[in-house]
$ cat final25.cif   # mmCIF, C-alpha atoms
data_data
loop_
_atom_site.label_atom_id
_atom_site.label_comp_id
_atom_site.auth_asym_id
_atom_site.auth_seq_id
_atom_site.Cartn_x
_atom_site.Cartn_y
_atom_site.Cartn_z
CA MET A 1 0.00 0.00 0.00
CA ALA A 2 1.42 3.37 -1.05
CA TYR A 3 0.76 6.74 0.60
CA LEU A 4 1.78 10.34 -0.04
CA ASN A 5 1.21 13.21 2.36
CA VAL A 6 -0.93 15.82 0.62
CA ASN A 7 -1.94 18.96 2.51
CA GLY A 8 -1.41 17.26 5.86
CA ILE A 9 -3.18 13.95 5.13
CA ASP A 10 -1.63 10.67 4.00
CA HIS A 11 -3.42 9.87 0.74
CA TYR A 12 -3.64 6.27 -0.41
CA TYR A 13 -2.82 5.67 -4.06
CA GLU A 14 -2.02 2.80 -6.40
CA TRP A 15 -1.17 2.25 -10.04
CA VAL A 16 -2.93 -0.13 -12.43
CA GLY A 17 -1.11 -1.00 -15.64
CA THR A 18 2.32 -0.25 -14.22
CA GLU A 19 4.32 -0.75 -11.04
CA THR A 20 3.85 1.21 -7.82
CA PRO A 21 5.83 3.43 -7.70
CA ARG A 22 5.64 4.23 -11.40
CA ASN A 23 8.88 4.63 -13.32
CA PRO A 24 9.38 8.42 -13.51
CA ALA A 25 10.91 7.99 -16.97
CA SER A 26 7.71 6.42 -18.37
CA THR A 27 6.19 8.20 -21.35
CA ARG A 28 2.85 6.36 -21.28
CA PRO A 29 -0.21 8.60 -20.84
CA VAL A 30 -1.81 8.69 -17.39
CA MET A 31 -5.47 8.50 -16.44
CA VAL A 32 -6.51 9.48 -12.91
CA PHE A 33 -9.69 8.05 -11.37
CA VAL A 34 -11.70 10.04 -8.81
CA HIS A 35 -14.35 8.28 -6.70
CA GLY A 36 -17.61 9.61 -5.32
CA TRP A 37 -19.04 10.39 -1.89
CA ALA A 38 -18.21 7.94 0.91
CA GLY A 39 -16.54 5.58 -1.55
CA SER A 40 -12.97 4.76 -2.50
CA ALA A 41 -10.87 4.00 -5.54
CA ARG A 42 -11.69 0.31 -5.13
CA TYR A 43 -14.77 0.47 -7.35
CA TRP A 44 -12.76 2.01 -10.20
CA ARG A 45 -10.31 -0.87 -10.36
CA SER A 46 -12.12 -2.98 -12.98
CA THR A 47 -12.45 0.04 -15.29
CA ALA A 48 -8.79 0.86 -14.81
CA VAL A 49 -7.79 -2.71 -15.64
CA ALA A 50 -9.82 -2.49 -18.87
CA LEU A 51 -7.99 0.72 -19.87
CA ALA A 52 -4.51 -0.34 -18.72
CA ASP A 53 -3.49 -1.28 -22.25
CA GLN A 54 -3.75 2.40 -23.17
CA TYR A 55 -2.98 4.22 -19.93
CA ASP A 56 -1.05 4.02 -16.69
CA CYS A 57 -4.04 4.32 -14.36
CA LEU A 58 -3.72 6.20 -11.08
CA LEU A 59 -6.28 5.38 -8.39
CA TYR A 60 -6.42 7.28 -5.10
CA ASP A 61 -8.72 7.82 -2.13
CA MET A 62 -9.79 11.38 -1.39
CA ARG A 63 -9.14 12.95 2.00
CA GLY A 64 -11.38 11.45 4.67
CA PHE A 65 -12.57 8.54 2.53
CA GLY A 66 -11.42 4.98 1.94
CA ARG A 67 -7.85 4.47 3.06
CA SER A 68 -7.01 8.21 3.24
CA GLN A 69 -8.11 8.49 6.85
CA ILE A 70 -7.88 11.69 8.90
CA PRO A 71 -5.99 11.06 12.19
CA PRO A 72 -7.37 12.60 15.40
CA ASN A 73 -4.57 15.18 15.57
CA GLN A 74 -5.55 16.51 12.12
CA GLN A 75 -9.32 16.71 12.62
CA ALA A 76 -9.34 20.34 13.73
CA ALA A 77 -7.08 21.40 10.88
CA MET A 78 -9.27 19.66 8.31
CA GLU A 79 -12.44 21.17 9.74
CA GLN A 80 -10.82 24.60 9.56
CA ARG A 81 -9.85 23.96 5.94
CA GLY A 82 -13.42 22.96 5.17
CA TYR A 83 -15.04 20.54 2.79
CA GLU A 84 -15.70 22.64 -0.31
CA LEU A 85 -15.14 20.53 -3.39
CA ASP A 86 -12.59 22.90 -4.90
CA THR A 87 -10.26 22.07 -1.99
CA TYR A 88 -10.32 18.46 -3.16
CA ALA A 89 -9.32 19.69 -6.62
CA HIS A 90 -6.29 21.31 -4.99
CA ASP A 91 -5.52 18.02 -3.22
CA LEU A 92 -5.48 16.29 -6.60
CA ALA A 93 -3.14 18.90 -8.07
CA GLU A 94 -0.77 18.45 -5.12
CA LEU A 95 -0.90 14.67 -5.49
CA LEU A 96 0.04 14.88 -9.17
CA SER A 97 2.87 17.28 -8.34
CA ALA A 98 4.20 14.97 -5.61
CA LEU A 99 4.19 12.10 -8.11
CA GLY A 100 6.02 14.20 -10.69
CA LEU A 101 3.20 13.99 -13.24
CA GLY A 102 2.41 16.46 -16.00
CA SER A 103 -0.86 16.53 -17.91
CA VAL A 104 -3.28 13.64 -17.35
CA SER A 105 -6.70 12.44 -18.38
CA VAL A 106 -9.34 12.19 -15.66
CA ASN A 107 -12.25 9.80 -15.12
CA ALA A 108 -14.41 10.87 -12.20
CA HIS A 109 -17.72 9.76 -10.72
CA SER A 110 -20.60 11.45 -8.89
CA MET A 111 -19.24 13.90 -6.26
CA GLY A 112 -15.77 13.15 -7.61
CA ALA A 113 -16.93 14.40 -11.02
CA SER A 114 -17.77 17.76 -9.42
CA VAL A 115 -14.25 17.78 -8.00
CA ALA A 116 -12.94 17.03 -11.50
CA VAL A 117 -14.87 19.96 -12.99
CA TYR A 118 -13.21 22.31 -10.50
CA PHE A 119 -9.87 20.64 -11.21
CA VAL A 120 -10.02 21.06 -14.98
CA ASN A 121 -11.00 24.73 -14.65
CA GLN A 122 -8.41 25.59 -12.01
CA PHE A 123 -5.58 23.58 -13.58
CA PRO A 124 -6.37 23.31 -17.32
CA HIS A 125 -2.67 22.88 -18.13
CA LEU A 126 -2.75 19.57 -16.22
CA VAL A 127 -5.68 18.04 -18.11
CA GLU A 128 -5.92 16.46 -21.56
CA ARG A 129 -9.39 14.88 -21.48
CA VAL A 130 -12.11 14.41 -18.88
CA ILE A 131 -14.77 11.74 -18.40
CA LEU A 132 -17.53 12.69 -15.96
CA THR A 133 -19.75 9.83 -14.86
CA CYS A 134 -23.17 10.37 -13.23
CA ASN A 135 -22.98 14.10 -12.65
CA GLY A 136 -25.02 17.11 -13.68
CA VAL A 137 -26.57 20.42 -12.64
CA PHE A 138 -29.30 20.67 -10.02
CA GLU A 139 -31.94 23.33 -9.43
CA TYR A 140 -32.28 24.67 -5.90
CA ASP A 141 -35.26 23.42 -3.93
CA LYS A 142 -35.12 24.66 -0.33
CA VAL A 143 -37.58 22.14 1.10
CA ALA A 144 -36.07 19.17 -0.73
CA PHE A 145 -32.50 20.17 0.13
CA GLU A 146 -33.28 20.62 3.83
CA ALA A 147 -34.99 17.23 3.91
CA PHE A 148 -31.93 15.74 2.21
CA TYR A 149 -29.61 17.30 4.81
CA LYS A 150 -31.71 15.92 7.64
CA PHE A 151 -31.82 12.44 6.15
CA GLY A 152 -28.11 12.58 5.26
CA GLY A 153 -27.26 13.56 8.81
CA TYR A 154 -29.10 10.51 10.15
CA VAL A 155 -27.41 8.22 7.63
CA VAL A 156 -23.91 9.50 8.47
CA ALA A 157 -24.53 9.41 12.22
CA PHE A 158 -25.98 5.89 12.29
CA ARG A 159 -23.20 3.69 10.95
CA PRO A 160 -22.59 0.91 13.48
CA LYS A 161 -19.63 -1.27 12.57
CA TRP A 162 -21.72 -4.40 13.12
CA LEU A 163 -23.78 -3.43 10.07
CA GLY A 164 -20.99 -4.79 7.88
CA ARG A 165 -21.37 -8.22 9.48
CA ILE A 166 -25.02 -8.66 8.51
CA PRO A 167 -25.11 -10.98 5.44
CA LEU A 168 -27.72 -9.06 3.39
CA ALA A 169 -26.67 -5.55 4.45
CA PRO A 170 -24.50 -4.83 1.36
CA ARG A 171 -27.36 -5.79 -0.95
CA PHE A 172 -29.88 -3.53 0.82
CA PHE A 173 -27.34 -0.71 1.13
CA MET A 174 -26.68 -0.66 -2.64
CA ALA A 175 -30.28 -1.20 -3.78
CA ARG A 176 -31.03 2.50 -4.30
CA PHE A 177 -27.87 3.02 -6.34
CA LEU A 178 -28.30 0.19 -8.83
CA SER A 179 -30.61 -0.87 -11.63
CA ARG A 180 -28.64 -3.99 -12.58
CA PRO A 181 -26.75 -6.41 -10.34
CA ILE A 182 -23.03 -5.98 -9.73
CA PRO A 183 -20.57 -8.49 -8.20
CA ALA A 184 -21.24 -9.23 -4.54
CA ALA A 185 -17.68 -8.29 -3.60
CA GLU A 186 -18.26 -4.78 -4.97
CA LYS A 187 -21.35 -4.37 -2.77
CA VAL A 188 -19.38 -5.46 0.29
CA ALA A 189 -16.59 -3.01 -0.56
CA PHE A 190 -19.07 -0.13 -0.93
CA LEU A 191 -20.56 -0.79 2.49
CA GLU A 192 -17.11 -1.11 4.08
CA ASP A 193 -16.05 2.24 2.59
CA PHE A 194 -19.25 3.92 3.75
CA LEU A 195 -18.76 2.66 7.30
CA ALA A 196 -15.10 3.78 7.29
CA ALA A 197 -15.71 7.31 5.98
CA ASP A 198 -14.68 10.11 8.34
CA TYR A 199 -17.78 11.52 10.05
CA ALA A 200 -17.00 15.23 9.63
CA THR A 201 -15.86 14.73 6.04
CA ALA A 202 -18.91 12.67 5.03
CA LEU A 203 -21.29 15.20 6.60
CA GLY A 204 -19.39 18.25 5.35
CA THR A 205 -19.30 17.08 1.75
CA ILE A 206 -23.05 16.41 1.81
CA PHE A 207 -23.57 20.11 2.53
CA THR A 208 -21.10 21.29 -0.11
CA SER A 209 -22.15 18.86 -2.86
CA VAL A 210 -25.88 19.54 -2.59
CA SER A 211 -26.29 23.22 -1.77
CA LYS A 212 -27.74 26.47 -3.05
CA ARG A 213 -24.19 27.59 -3.86
CA ALA A 214 -23.56 24.42 -5.90
CA THR A 215 -26.70 25.03 -7.98
CA GLU A 216 -25.37 28.51 -8.77
CA VAL A 217 -21.71 27.69 -9.30
CA MET A 218 -21.70 24.34 -11.09
CA PRO A 219 -23.50 25.50 -14.28
CA VAL A 220 -20.87 28.23 -14.59
CA GLU A 221 -18.09 25.70 -14.05
CA PHE A 222 -19.51 23.32 -16.66
CA ALA A 223 -19.69 26.18 -19.17
CA LYS A 224 -16.02 27.03 -18.52
CA ILE A 225 -14.59 23.58 -19.33
CA SER A 226 -12.01 24.00 -22.10
CA VAL A 227 -10.87 20.43 -22.80
CA PRO A 228 -12.63 17.54 -24.56
CA THR A 229 -15.13 16.07 -22.10
CA LEU A 230 -17.44 13.06 -22.05
CA LEU A 231 -20.38 13.08 -19.64
CA VAL A 232 -21.95 9.64 -19.07
CA SER A 233 -25.29 9.12 -17.32
CA GLY A 234 -27.09 6.01 -16.16
CA GLU A 235 -30.58 6.01 -17.67
CA LEU A 236 -32.28 4.97 -14.40
CA ASP A 237 -29.98 6.78 -11.98
CA LYS A 238 -31.98 7.86 -8.89
CA ILE A 239 -29.07 9.78 -7.34
CA THR A 240 -28.18 12.02 -10.29
CA PRO A 241 -30.98 11.61 -12.84
CA ALA A 242 -29.89 11.45 -16.47
CA GLU A 243 -31.74 14.66 -17.33
CA LEU A 244 -29.39 16.59 -15.04
CA GLY A 245 -26.47 15.23 -17.02
CA ARG A 246 -28.07 16.27 -20.30
CA LYS A 247 -28.56 19.80 -18.97
CA ALA A 248 -24.91 20.02 -17.95
CA ALA A 249 -23.69 18.75 -21.33
CA ALA A 250 -25.88 21.28 -23.14
CA LEU A 251 -24.01 24.13 -21.43
CA ASN A 252 -20.77 23.57 -23.34
CA PRO A 253 -19.93 22.36 -26.86
CA GLN A 254 -16.79 20.72 -25.45
CA ILE A 255 -19.00 18.21 -23.61
CA GLU A 256 -20.15 15.07 -25.42
CA TYR A 257 -23.07 13.24 -23.79
CA ALA A 258 -23.66 9.48 -23.56
CA LEU A 259 -26.45 7.49 -21.93
CA VAL A 260 -26.01 3.92 -20.67
CA LYS A 261 -29.48 2.39 -20.77
CA ASN A 262 -30.99 0.35 -17.94
CA THR A 263 -28.28 1.34 -15.46
CA GLY A 264 -28.33 3.32 -12.24
CA HIS A 265 -25.62 5.31 -10.48
CA PHE A 266 -22.77 2.93 -11.37
CA PRO A 267 -22.95 2.26 -15.13
CA MET A 268 -19.26 1.33 -15.19
CA LEU A 269 -20.10 -1.68 -13.01
CA GLU A 270 -23.68 -2.40 -14.12
CA ASP A 271 -22.93 -2.47 -17.86
CA PRO A 272 -19.15 -2.24 -18.25
CA GLU A 273 -19.17 -3.26 -21.92
CA THR A 274 -21.39 -0.37 -23.00
CA TYR A 275 -19.70 2.08 -20.66
CA LEU A 276 -16.22 1.19 -21.89
CA GLY A 277 -17.44 1.37 -25.47
CA TYR A 278 -18.39 5.02 -25.00
CA VAL A 279 -15.18 5.77 -23.11
CA LYS A 280 -12.83 4.13 -25.63
CA THR A 281 -14.55 5.79 -28.59
CA PHE A 282 -14.16 9.15 -26.86
CA LEU A 283 -10.51 8.55 -26.03
CA GLN A 284 -9.70 7.55 -29.61
CA ALA A 285 -11.40 10.59 -31.16
#

$ encode --input "final25.cif" --output "structure tokens"
Amino acid sequence: MAYLNVNGIDHYYEWVGTETPRNPASTRPVMVFVHGWAGSARYWRSTAVALADQYDCLLYDMRGFGRSQIPPNQQAAMEQRGYELDTYAHDLAELLSALGLGSVSVNAHSMGASVAVYFVNQFPHLVERVILTCNGVFEYDKVAFEAFYKFGGYVVAFRPKWLGRIPLAPRFFMARFLSRPIPAAEKVAFLEDFLAADYATALGTIFTSVSKRATEVMPVEFAKISVPTLLVSGELDKITPAELGRKAAALNPQIEYALVKNTGHFPMLEDPETYLGYVKTFLQA
């Protein structure tokens, strides 16, 4: 397991398609994978393996999630820094710098795709192409957002470790996210990552991801993207409905839109063949 200290937190990372650490003299292109809320890089591994013939694939866990845990002596510092998504874009830039990488391609999912949008706009010289999976632009609804915050607070607060030992818990936990079945091991990994997520980070990023400010800022950020971009939606996604992805893609001629039918919030796992077909066609264009 490899770690690099980025802005005070040891960030877990690994390479797929090359050795860890990667040979600094390598000239192969690099693709970085960014996971979503309360997840980790683990669910990107199968996609990275499928693209490893074309790219050296960098997987990492964002601050406070997965294996990039926040130690007790850093909690106050991280709370002071805050949980705005653009700070995670800065973390990514620092990680790339620490690894001695130049421009990369990015494949990001859900909340991580919002981080990637900030990243490409703040550091366009570091980005060649971007794939945004299950992301879009929301409209502000005060009542719905406040209900979401209340529910999210309960979900984050009630995460007993014994939940991971209940045989059917992973299936029930993932039911809302999926339209098609995925491997059982992936469901177990999702639940493990959710239970391991830092409390303050998980709660803080709920408020920054789904907020009045996000509804105002993200359309502007989508319109600013200056590199070739593919936005992929799952047709039956209940978390980020496909229509929100279409609206985001319509904001910028740089953004190509693709829909993976009969999939939910994880089309890369629910229908990997179709998903990879869109991705590879985009990368070869």

$ residues_near_point --input "final25.cif" --point "(-17.7, 10.2, -23.3)" --cutoff "12 Å" --atoms "only C-alpha atoms" --output "VMD selection string"
chain A and resid 106 to 108 129 to 134 228 to 233 245 249 254 to 260 274 to 285

$ resolve_selection --input "final25.cif" --expression "the PyMOL selection byres ((chain A and resi 184-193) around 9)" --output "VMD selection string"
chain A and resid 38 to 40 42 to 43 65 to 67 161 163 to 164 169 to 171 173 to 174 181 to 183 194 to 197 269

$ resolve_selection --input "final25.cif" --expression "the PyMOL selection byres ((chain A and resi 97-99) around 9)" --output "PyMOL selection string"
chain A and resi 4-6+21-22+24+92-96+100-102

$ write_last_selection --input "final25.cif" --atoms "C-alpha atoms" --output "mmCIF file, in the coordinates of the input"
data_model
loop_
_atom_site.group_PDB
_atom_site.id
_atom_site.type_symbol
_atom_site.label_atom_id
_atom_site.label_comp_id
_atom_site.auth_asym_id
_atom_site.auth_seq_id
_atom_site.Cartn_x
_atom_site.Cartn_y
_atom_site.Cartn_z
ATOM 1 C CA LEU A 4 1.780 10.340 -0.040
ATOM 2 C CA ASN A 5 1.210 13.210 2.360
ATOM 3 C CA VAL A 6 -0.930 15.820 0.620
ATOM 4 C CA PRO A 21 5.830 3.430 -7.700
ATOM 5 C CA ARG A 22 5.640 4.230 -11.400
ATOM 6 C CA PRO A 24 9.380 8.420 -13.510
ATOM 7 C CA LEU A 92 -5.480 16.290 -6.600
ATOM 8 C CA ALA A 93 -3.140 18.900 -8.070
ATOM 9 C CA GLU A 94 -0.770 18.450 -5.120
ATOM 10 C CA LEU A 95 -0.900 14.670 -5.490
ATOM 11 C CA LEU A 96 0.040 14.880 -9.170
ATOM 12 C CA GLY A 100 6.020 14.200 -10.690
ATOM 13 C CA LEU A 101 3.200 13.990 -13.240
ATOM 14 C CA GLY A 102 2.410 16.460 -16.000
#

$ residues_around --input "final25.cif" --residues "segment 153-158 of chain A" --least-positions-apart "3" --cutoff "7 Å" --atoms "all atoms listed in the file" --output "PyMOL selection string"
chain A and resi 149-150+199+202-203

$ resolve_selection --input "final25.cif" --expression "the PyMOL selection byres ((chain A and resi 61) around 8)" --output "list of chain:residue names"
A:His11, A:Tyr12, A:Tyr13, A:Val34, A:His35, A:Ser40, A:Ala41, A:Leu59, A:Tyr60, A:Met62, A:Arg63, A:Phe65, A:Gly66, A:Arg67, A:Ser68

$ residues_around --input "final25.cif" --residues "Trp37 of chain A" --least-positions-apart "5" --cutoff "8 Å" --atoms "all atoms listed in the file" --output "PyMOL selection string"
chain A and resi 110-112+202+205

$ write_last_selection --input "final25.cif" --atoms "C-alpha atoms" --output "PDB file, in the frame of the given file"
ATOM      1  CA  SER A 110     -20.600  11.450  -8.890  1.00  0.00           C
ATOM      2  CA  MET A 111     -19.240  13.900  -6.260  1.00  0.00           C
ATOM      3  CA  GLY A 112     -15.770  13.150  -7.610  1.00  0.00           C
ATOM      4  CA  ALA A 202     -18.910  12.670   5.030  1.00  0.00           C
ATOM      5  CA  THR A 205     -19.300  17.080   1.750  1.00  0.00           C
TER       6      THR A 205
END

$ closest_residue --input "final25.cif" --among "A:Lys261, A:Ala2, A:Thr47, A:Val104" --to "Glu128 of chain A" --atoms "only C-alpha atoms"
A:Val104

$ closest_residue --input "final25.cif" --among "A:Leu251, A:Ile9, A:Ala144, A:Val220" --to "Gln75 of chain A" --atoms "all atoms listed in the file"
A:Ile9

$ atom_distance --input "final25.cif" --atom1 "atom CA of Val217 of chain A" --atom2 "atom CA of Met268 of chain A"
27.1 Å

$ atom_distance --input "final25.cif" --atom1 "atom CA of Ala223 of chain A" --atom2 "atom CA of Val120 of chain A"
11.7 Å

$ closest_residue --input "final25.cif" --among "A:Arg213, A:Asn135, A:Arg165, A:Thr201" --to "Lys238 of chain A" --atoms "all atoms listed in the file"
A:Asn135

$ build_atoms --input "final25.cif" --residues "segment 69-86 of chain A" --atoms "N, CA and C atoms" --output "mmCIF file, in the frame of the given file"
data_model
loop_
_atom_site.group_PDB
_atom_site.id
_atom_site.type_symbol
_atom_site.label_atom_id
_atom_site.label_comp_id
_atom_site.auth_asym_id
_atom_site.auth_seq_id
_atom_site.Cartn_x
_atom_site.Cartn_y
_atom_site.Cartn_z
ATOM 1 N N GLN A 69 -7.442 8.135 5.607
ATOM 2 C CA GLN A 69 -8.110 8.490 6.850
ATOM 3 C C GLN A 69 -7.503 9.750 7.492
ATOM 4 N N ILE A 70 -8.327 10.487 8.211
ATOM 5 C CA ILE A 70 -7.880 11.690 8.900
ATOM 6 C C ILE A 70 -7.587 11.317 10.361
ATOM 7 N N PRO A 71 -6.320 11.404 10.800
ATOM 8 C CA PRO A 71 -5.990 11.060 12.190
ATOM 9 C C PRO A 71 -6.566 12.083 13.157
ATOM 10 N N PRO A 72 -6.777 11.682 14.411
ATOM 11 C CA PRO A 72 -7.370 12.600 15.400
ATOM 12 C C PRO A 72 -6.646 13.938 15.516
ATOM 13 N N ASN A 73 -5.312 13.927 15.409
ATOM 14 C CA ASN A 73 -4.570 15.180 15.570
ATOM 15 C C ASN A 73 -4.681 16.119 14.372
ATOM 16 N N GLN A 74 -5.359 15.668 13.299
ATOM 17 C CA GLN A 74 -5.550 16.510 12.120
ATOM 18 C C GLN A 74 -7.021 16.912 11.922
ATOM 19 N N GLN A 75 -7.901 16.434 12.805
ATOM 20 C CA GLN A 75 -9.320 16.710 12.620
ATOM 21 C C GLN A 75 -9.621 18.207 12.651
ATOM 22 N N ALA A 76 -9.059 18.908 13.610
ATOM 23 C CA ALA A 76 -9.340 20.340 13.730
ATOM 24 C C ALA A 76 -8.829 21.100 12.516
ATOM 25 N N ALA A 77 -7.644 20.729 12.046
ATOM 26 C CA ALA A 77 -7.080 21.400 10.880
ATOM 27 C C ALA A 77 -7.926 21.172 9.637
ATOM 28 N N MET A 78 -8.447 19.949 9.475
ATOM 29 C CA MET A 78 -9.270 19.660 8.310
ATOM 30 C C MET A 78 -10.629 20.361 8.386
ATOM 31 N N GLU A 79 -11.181 20.457 9.594
ATOM 32 C CA GLU A 79 -12.440 21.170 9.740
ATOM 33 C C GLU A 79 -12.257 22.656 9.449
ATOM 34 N N GLN A 80 -11.119 23.202 9.849
ATOM 35 C CA GLN A 80 -10.820 24.600 9.560
ATOM 36 C C GLN A 80 -10.639 24.815 8.051
ATOM 37 N N ARG A 81 -10.025 23.853 7.385
ATOM 38 C CA ARG A 81 -9.850 23.960 5.940
ATOM 39 C C ARG A 81 -11.177 23.863 5.217
ATOM 40 N N GLY A 82 -12.085 23.077 5.753
ATOM 41 C CA GLY A 82 -13.420 22.960 5.170
ATOM 42 C C GLY A 82 -13.525 21.837 4.160
ATOM 43 N N TYR A 83 -14.748 21.668 3.662
ATOM 44 C CA TYR A 83 -15.040 20.540 2.790
ATOM 45 C C TYR A 83 -15.610 20.975 1.440
ATOM 46 N N GLU A 84 -15.300 22.194 1.032
ATOM 47 C CA GLU A 84 -15.700 22.640 -0.310
ATOM 48 C C GLU A 84 -14.992 21.765 -1.344
ATOM 49 N N LEU A 85 -15.676 21.481 -2.432
ATOM 50 C CA LEU A 85 -15.140 20.530 -3.390
ATOM 51 C C LEU A 85 -13.913 21.061 -4.127
ATOM 52 N N ASP A 86 -13.781 22.388 -4.228
ATOM 53 C CA ASP A 86 -12.590 22.900 -4.900
ATOM 54 C C ASP A 86 -11.318 22.635 -4.092
#
